[in-house]
Amino acid sequence: MTIPAPFGRLATAMVTPFKKDLSIDWEGVSTLAAHLVSTGHDAIVVSGTTGEAPTTSDEEKDRIIKVVLEAVGNKAKVIAGAGNNETSHSVEQALRAQRAGAHGLLVVTPYYNKPPQAGIEAHFRAIADATDLPVIMYDIPGRTGMQIESDTIVRLSEHPRIVALKDAKGDVAATSWVIKRSGIPVYSGDDILNLPLLSVGAVGFISVCGHTVGRELREMLDAWFVGNAPRALEIHQKLLPVFTGTFRTQGAIMTKAALTMMGLPGGYTRLPLVDATPAQITQLREDLLAGGVKLTA
């Protein structure tokens with residue numbers, strides 16, 4: 001079974017760089033988008049978890065899409081986060097993203113409310129019905145408190161505009177069955193499981209570590225899909241310190257610190273996130289260097 005990759009193979013959920021006064025660093029947004037394209041990305045996800053979407057306004061989200069589109073031109077697709085725990089607002093975000101020019105939507109499972117599967121399914125259908133954009137479902141029960149059960153995923157995969165699944169469930173067995181039953185394109189949403197998910201049929205990654213090791217992730221994907229599994233494994237093992245280090249605390253916090261060490265616009269975080277401590281930065285530097293990341297600071 002050959003499963004298409006509707007947004008290419010490598011995407012990263014981009015951080016939103018904030019200045020010290022916590023306004024958005026618009027030049028930094030453009031610079032980061034260009035950096036991701038230069039390291040082999042096919043798509044960029046904006047206003048996701050790593051983009052600190054819960055703390056940006058709808059108007060800021062609109063402008064982020066437009067700035068990234070201008071920065072990447074026709075070199076990459078721009079996917080907009082458009083999901084929260086309130087369906088009507090999620091629909092409005094989806095409509096705004098379409099008007100701003102996004103190429104697709106990333107929609108997370110409703111969080112905090114703990115809806116039953118019927119509610120989760122209705123939520124995704126409402127958003128998918130609202131626009132003409134292709135939708136990626138995002139299953140990350142460790143954050144949302146609720147998984148999208150396999151039967152629900154299979155049913156939703158039949159919707160003409162629900163075209164992919166970002167999988168951060170951490171259950172490779174369940175994902176294996178979902179791929180077998182539905183053929184839905186699956187993107188790994190957990191960097192340390194990128195290679196295991198490829199082995200059961202995933203089509204690519206929606207990464208966080210793509211900020212720092214995008215070229216290596218591109219090489220891993222290229223090696224895997226030409227049948228060079230040993231090389232893909234070699235890259236996976238080399239990057240283990242980066243995968244671990246980036247998530248010693250919340251991913252956006254550590255990614256912003258890493259970007260700063262690379263001379264790129266990481267910037268600050270908005271509450272309730274807080275910036276990395278000196279001790280966390282010291283450990284992160286060790287992790288990045290162990291994974292072969294070149295630092296300038």
# chains A, B, ... in the order shown; residues from 1 in each chain; ligands from 1
$ residues_around --residues "segment 85-99 of chain A" --least-positions-apart "4" --cutoff "10 Å" --atoms "only C-alpha atoms" --output "VMD selection string"
chain A and resid 58 to 59 61 to 66 79 to 81 103 to 115 119 to 120 122 to 124 126 to 133 135 144
$ write_last_selection --atoms "N, CA and C atoms" --output "JSON list (two decimals), in the first residue's frame"
[["chain", "number", "residue", "atom", "x", "y", "z"],
["A", 58, "ASP", "N", -6.73, 36.18, 17.55],
["A", 58, "ASP", "CA", -7.15, 35.80, 16.20],
["A", 58, "ASP", "C", -6.49, 36.70, 15.16],
["A", 59, "GLU", "N", -6.39, 37.99, 15.48],
["A", 59, "GLU", "CA", -5.77, 38.93, 14.54],
["A", 59, "GLU", "C", -4.29, 38.62, 14.36],
["A", 61, "LYS", "N", -2.94, 35.65, 14.70],
["A", 61, "LYS", "CA", -2.88, 34.42, 13.92],
["A", 61, "LYS", "C", -3.03, 34.71, 12.42],
["A", 62, "ASP", "N", -3.95, 35.59, 12.07],
["A", 62, "ASP", "CA", -4.14, 35.95, 10.66],
["A", 62, "ASP", "C", -2.84, 36.52, 10.08],
["A", 63, "ARG", "N", -2.23, 37.41, 10.81],
["A", 63, "ARG", "CA", -1.02, 38.06, 10.29],
["A", 63, "ARG", "C", 0.14, 37.08, 10.22],
["A", 64, "ILE", "N", 0.24, 36.16, 11.18],
["A", 64, "ILE", "CA", 1.31, 35.16, 11.12],
["A", 64, "ILE", "C", 1.21, 34.37, 9.82],
["A", 65, "ILE", "N", 0.01, 33.94, 9.46],
["A", 65, "ILE", "CA", -0.17, 33.21, 8.20],
["A", 65, "ILE", "C", 0.34, 34.04, 7.03],
["A", 66, "LYS", "N", -0.06, 35.29, 6.98],
["A", 66, "LYS", "CA", 0.30, 36.14, 5.85],
["A", 66, "LYS", "C", 1.81, 36.39, 5.79],
["A", 79, "ILE", "N", 0.32, 25.57, 6.87],
["A", 79, "ILE", "CA", -0.80, 24.92, 7.55],
["A", 79, "ILE", "C", -1.07, 25.70, 8.84],
["A", 80, "ALA", "N", -2.32, 26.04, 9.06],
["A", 80, "ALA", "CA", -2.67, 26.87, 10.21],
["A", 80, "ALA", "C", -3.36, 26.04, 11.28],
["A", 81, "GLY", "N", -2.91, 26.18, 12.52],
["A", 81, "GLY", "CA", -3.65, 25.62, 13.63],
["A", 81, "GLY", "C", -5.00, 26.32, 13.74],
["A", 103, "HIS", "N", -2.92, 26.97, 3.36],
["A", 103, "HIS", "CA", -3.13, 25.85, 2.45],
["A", 103, "HIS", "C", -3.83, 24.67, 3.13],
["A", 104, "GLY", "N", -3.86, 24.66, 4.45],
["A", 104, "GLY", "CA", -4.49, 23.56, 5.17],
["A", 104, "GLY", "C", -4.66, 23.93, 6.62],
["A", 105, "LEU", "N", -5.34, 23.05, 7.36],
["A", 105, "LEU", "CA", -5.63, 23.27, 8.77],
["A", 105, "LEU", "C", -5.12, 22.10, 9.61],
["A", 106, "LEU", "N", -4.60, 22.42, 10.78],
["A", 106, "LEU", "CA", -4.27, 21.42, 11.79],
["A", 106, "LEU", "C", -5.23, 21.62, 12.95],
["A", 107, "VAL", "N", -6.02, 20.59, 13.25],
["A", 107, "VAL", "CA", -7.08, 20.72, 14.24],
["A", 107, "VAL", "C", -6.86, 19.71, 15.35],
["A", 108, "VAL", "N", -6.64, 20.21, 16.56],
["A", 108, "VAL", "CA", -6.37, 19.35, 17.70],
["A", 108, "VAL", "C", -7.67, 18.86, 18.31],
["A", 109, "THR", "N", -7.61, 17.72, 18.97],
["A", 109, "THR", "CA", -8.75, 17.22, 19.74],
["A", 109, "THR", "C", -9.16, 18.25, 20.79],
["A", 110, "PRO", "N", -10.45, 18.49, 20.98],
["A", 110, "PRO", "CA", -10.86, 19.42, 22.04],
["A", 110, "PRO", "C", -10.26, 19.01, 23.39],
["A", 111, "TYR", "N", -9.75, 19.97, 24.11],
["A", 111, "TYR", "CA", -9.08, 19.71, 25.38],
["A", 111, "TYR", "C", -9.91, 20.22, 26.55],
["A", 112, "TYR", "N", -9.63, 19.71, 27.72],
["A", 112, "TYR", "CA", -10.23, 20.09, 29.00],
["A", 112, "TYR", "C", -11.68, 19.63, 29.15],
["A", 113, "ASN", "N", -12.51, 19.82, 28.12],
["A", 113, "ASN", "CA", -13.93, 19.45, 28.22],
["A", 113, "ASN", "C", -14.15, 17.96, 28.38],
["A", 114, "LYS", "N", -13.23, 17.15, 27.85],
["A", 114, "LYS", "CA", -13.35, 15.69, 27.83],
["A", 114, "LYS", "C", -14.67, 15.24, 27.18],
["A", 115, "PRO", "N", -14.90, 15.62, 25.92],
["A", 115, "PRO", "CA", -16.11, 15.18, 25.25],
["A", 115, "PRO", "C", -16.07, 13.69, 24.94],
["A", 119, "GLY", "N", -18.84, 13.53, 20.43],
["A", 119, "GLY", "CA", -18.57, 14.96, 20.41],
["A", 119, "GLY", "C", -17.29, 15.29, 19.67],
["A", 120, "ILE", "N", -16.26, 14.46, 19.88],
["A", 120, "ILE", "CA", -15.00, 14.66, 19.17],
["A", 120, "ILE", "C", -15.23, 14.55, 17.66],
["A", 122, "ALA", "N", -18.05, 14.97, 15.98],
["A", 122, "ALA", "CA", -18.86, 16.09, 15.51],
["A", 122, "ALA", "C", -18.03, 17.37, 15.41],
["A", 123, "HIS", "N", -17.10, 17.56, 16.34],
["A", 123, "HIS", "CA", -16.22, 18.73, 16.34],
["A", 123, "HIS", "C", -15.38, 18.75, 15.07],
["A", 124, "PHE", "N", -14.72, 17.64, 14.75],
["A", 124, "PHE", "CA", -13.89, 17.60, 13.55],
["A", 124, "PHE", "C", -14.74, 17.78, 12.29],
["A", 126, "ALA", "N", -17.54, 19.42, 11.95],
["A", 126, "ALA", "CA", -18.00, 20.80, 11.84],
["A", 126, "ALA", "C", -16.92, 21.68, 11.23],
["A", 127, "ILE", "N", -15.69, 21.48, 11.65],
["A", 127, "ILE", "CA", -14.59, 22.30, 11.13],
["A", 127, "ILE", "C", -14.29, 21.92, 9.68],
["A", 128, "ALA", "N", -14.27, 20.63, 9.39],
["A", 128, "ALA", "CA", -13.99, 20.19, 8.03],
["A", 128, "ALA", "C", -15.08, 20.64, 7.06],
["A", 129, "ASP", "N", -16.31, 20.74, 7.53],
["A", 129, "ASP", "CA", -17.42, 21.18, 6.69],
["A", 129, "ASP", "C", -17.41, 22.68, 6.44],
["A", 130, "ALA", "N", -16.68, 23.42, 7.25],
["A", 130, "ALA", "CA", -16.80, 24.89, 7.24],
["A", 130, "ALA", "C", -15.99, 25.56, 6.14],
["A", 131, "THR", "N", -14.91, 24.92, 5.68],
["A", 131, "THR", "CA", -14.05, 25.55, 4.67],
["A", 131, "THR", "C", -13.77, 24.55, 3.55],
["A", 132, "ASP", "N", -13.04, 25.04, 2.56],
["A", 132, "ASP", "CA", -12.59, 24.18, 1.47],
["A", 132, "ASP", "C", -11.19, 23.61, 1.72],
["A", 133, "LEU", "N", -10.61, 23.90, 2.88],
["A", 133, "LEU", "CA", -9.22, 23.51, 3.14],
["A", 133, "LEU", "C", -9.11, 22.07, 3.62],
["A", 135, "VAL", "N", -7.84, 19.15, 6.03],
["A", 135, "VAL", "CA", -7.69, 19.14, 7.48],
["A", 135, "VAL", "C", -6.80, 17.98, 7.92],
["A", 144, "THR", "N", -4.42, 16.83, 25.68],
["A", 144, "THR", "CA", -5.84, 17.17, 25.61],
["A", 144, "THR", "C", -6.68, 16.44, 26.64]]
$ closest_residue --among "A:Pro54, A:Gly214, A:Gly189, A:Gly263" --to "Leu239 of chain A" --atoms "only C-alpha atoms"
A:Gly214
$ select_by_dssp --residues "segment 144-263 of chain A" --states "alpha helix (DSSP H)" --output "MDAnalysis selection string"
chainID A and resid 144 150:156 172:182 194:199 210:225 229:246 251:261
$ write_last_selection --atoms "C-alpha atoms" --output "PDB file, in the first residue's frame"
ATOM      1  CA  THR A 144      -5.838  17.172  25.610  1.00  0.00           C
ATOM      2  CA  SER A 150      -9.257   4.253  16.343  1.00  0.00           C
ATOM      3  CA  ASP A 151     -12.846   3.710  15.220  1.00  0.00           C
ATOM      4  CA  THR A 152     -13.409   7.464  15.278  1.00  0.00           C
ATOM      5  CA  ILE A 153     -10.287   8.103  13.192  1.00  0.00           C
ATOM      6  CA  VAL A 154     -11.372   5.519  10.644  1.00  0.00           C
ATOM      7  CA  ARG A 155     -14.816   7.094  10.305  1.00  0.00           C
ATOM      8  CA  LEU A 156     -13.420  10.617  10.056  1.00  0.00           C
ATOM      9  CA  VAL A 172       2.520   2.615  17.763  1.00  0.00           C
ATOM     10  CA  ALA A 173       0.346  -0.505  17.872  1.00  0.00           C
ATOM     11  CA  ALA A 174      -2.868   1.520  17.679  1.00  0.00           C
ATOM     12  CA  THR A 175      -1.457   3.644  14.874  1.00  0.00           C
ATOM     13  CA  SER A 176      -0.476   0.506  12.966  1.00  0.00           C
ATOM     14  CA  TRP A 177      -4.095  -0.658  12.999  1.00  0.00           C
ATOM     15  CA  VAL A 178      -5.418   2.778  12.009  1.00  0.00           C
ATOM     16  CA  ILE A 179      -3.113   2.851   8.968  1.00  0.00           C
ATOM     17  CA  LYS A 180      -4.074  -0.680   7.978  1.00  0.00           C
ATOM     18  CA  ARG A 181      -7.804  -0.054   8.363  1.00  0.00           C
ATOM     19  CA  SER A 182      -8.088   3.408   6.822  1.00  0.00           C
ATOM     20  CA  ASN A 194       9.610   9.470  14.013  1.00  0.00           C
ATOM     21  CA  LEU A 195      11.447   6.377  12.833  1.00  0.00           C
ATOM     22  CA  PRO A 196       9.193   3.827  14.594  1.00  0.00           C
ATOM     23  CA  LEU A 197       6.135   5.438  13.022  1.00  0.00           C
ATOM     24  CA  LEU A 198       7.753   5.356   9.574  1.00  0.00           C
ATOM     25  CA  SER A 199       8.242   1.637  10.089  1.00  0.00           C
ATOM     26  CA  GLY A 210      12.933  20.455  12.715  1.00  0.00           C
ATOM     27  CA  HIS A 211      13.851  23.932  13.967  1.00  0.00           C
ATOM     28  CA  THR A 212      17.300  22.687  14.934  1.00  0.00           C
ATOM     29  CA  VAL A 213      17.922  19.503  12.914  1.00  0.00           C
ATOM     30  CA  GLY A 214      15.740  19.940   9.849  1.00  0.00           C
ATOM     31  CA  ARG A 215      18.444  18.864   7.420  1.00  0.00           C
ATOM     32  CA  GLU A 216      19.035  15.656   9.339  1.00  0.00           C
ATOM     33  CA  LEU A 217      15.318  14.873   9.477  1.00  0.00           C
ATOM     34  CA  ARG A 218      15.104  15.467   5.740  1.00  0.00           C
ATOM     35  CA  GLU A 219      17.985  13.060   5.216  1.00  0.00           C
ATOM     36  CA  MET A 220      16.320  10.478   7.464  1.00  0.00           C
ATOM     37  CA  LEU A 221      13.132  10.669   5.432  1.00  0.00           C
ATOM     38  CA  ASP A 222      14.950  10.500   2.126  1.00  0.00           C
ATOM     39  CA  ALA A 223      16.979   7.500   3.289  1.00  0.00           C
ATOM     40  CA  TRP A 224      13.900   5.660   4.541  1.00  0.00           C
ATOM     41  CA  PHE A 225      11.900   6.155   1.379  1.00  0.00           C
ATOM     42  CA  ALA A 229      16.803   1.781   6.662  1.00  0.00           C
ATOM     43  CA  PRO A 230      20.290   1.453   8.200  1.00  0.00           C
ATOM     44  CA  ARG A 231      21.076   5.085   7.347  1.00  0.00           C
ATOM     45  CA  ALA A 232      17.720   6.226   8.724  1.00  0.00           C
ATOM     46  CA  LEU A 233      18.469   4.379  11.965  1.00  0.00           C
ATOM     47  CA  GLU A 234      21.942   5.914  12.145  1.00  0.00           C
ATOM     48  CA  ILE A 235      20.450   9.415  11.916  1.00  0.00           C
ATOM     49  CA  HIS A 236      17.748   8.572  14.473  1.00  0.00           C
ATOM     50  CA  GLN A 237      20.342   7.429  16.976  1.00  0.00           C
ATOM     51  CA  LYS A 238      22.543  10.475  16.356  1.00  0.00           C
ATOM     52  CA  LEU A 239      19.599  12.784  17.068  1.00  0.00           C
ATOM     53  CA  LEU A 240      18.418  11.086  20.262  1.00  0.00           C
ATOM     54  CA  PRO A 241      20.070  13.730  22.500  1.00  0.00           C
ATOM     55  CA  VAL A 242      18.267  16.483  20.577  1.00  0.00           C
ATOM     56  CA  PHE A 243      14.917  14.696  20.776  1.00  0.00           C
ATOM     57  CA  THR A 244      15.349  14.188  24.515  1.00  0.00           C
ATOM     58  CA  GLY A 245      16.781  17.628  25.257  1.00  0.00           C
ATOM     59  CA  THR A 246      14.071  19.530  23.426  1.00  0.00           C
ATOM     60  CA  GLY A 251       8.908  22.116  23.731  1.00  0.00           C
ATOM     61  CA  ALA A 252       8.384  25.766  22.795  1.00  0.00           C
ATOM     62  CA  ILE A 253      10.473  26.882  25.780  1.00  0.00           C
ATOM     63  CA  MET A 254      13.445  24.724  24.843  1.00  0.00           C
ATOM     64  CA  THR A 255      13.132  25.341  21.125  1.00  0.00           C
ATOM     65  CA  LYS A 256      13.250  29.087  21.631  1.00  0.00           C
ATOM     66  CA  ALA A 257      16.337  28.696  23.794  1.00  0.00           C
ATOM     67  CA  ALA A 258      17.935  26.449  21.154  1.00  0.00           C
ATOM     68  CA  LEU A 259      17.203  28.910  18.355  1.00  0.00           C
ATOM     69  CA  THR A 260      18.806  31.699  20.357  1.00  0.00           C
ATOM     70  CA  MET A 261      21.927  29.559  20.769  1.00  0.00           C
TER      71      MET A 261
END
$ select_by_dssp --residues "segment 87-293 of chain A" --states "strand (DSSP E or B)" --output "list in words"
Gly104, Leu105, Leu106, Val107, Val108, Val135, Ile136, Met137, Tyr138, Asp139, Ile162, Val163, Ala164, Leu165, Lys166, Asp167, Val186, Tyr187, Ser188, Gly204, Phe205, Ile206, Ser207 and Tyr268 of chain A
$ closest_residue --among "A:Ala34, A:Ile184, A:Leu295, A:Val29" --to "Val203 of chain A" --atoms "only C-alpha atoms"
A:Ile184
$ closest_residue --among "A:Thr16, A:Asp190, A:Ile24, A:Lys75" --to "Gly40 of chain A" --atoms "only C-alpha atoms"
A:Lys75
$ closest_residue --among "A:Asn84, A:Asp139, A:Ala71, A:Val186" --to "Gly8 of chain A" --atoms "only C-alpha atoms"
A:Val186
$ closest_residue --among "A:Val163, A:His35, A:Met262, A:Thr249" --to "Val274 of chain A" --atoms "only C-alpha atoms"
A:Thr249
$ atom_distance --atom1 "atom CA of Ala168 of chain A" --atom2 "atom CA of Val78 of chain A"
20.3 Å
$ closest_residue --among "A:Gln147, A:Thr56, A:Thr2, A:Thr282" --to "Phe18 of chain A" --atoms "only C-alpha atoms"
A:Thr56
$ atom_distance --atom1 "atom CA of Pro116 of chain A" --atom2 "atom CA of Ile148 of chain A"
9.6 Å
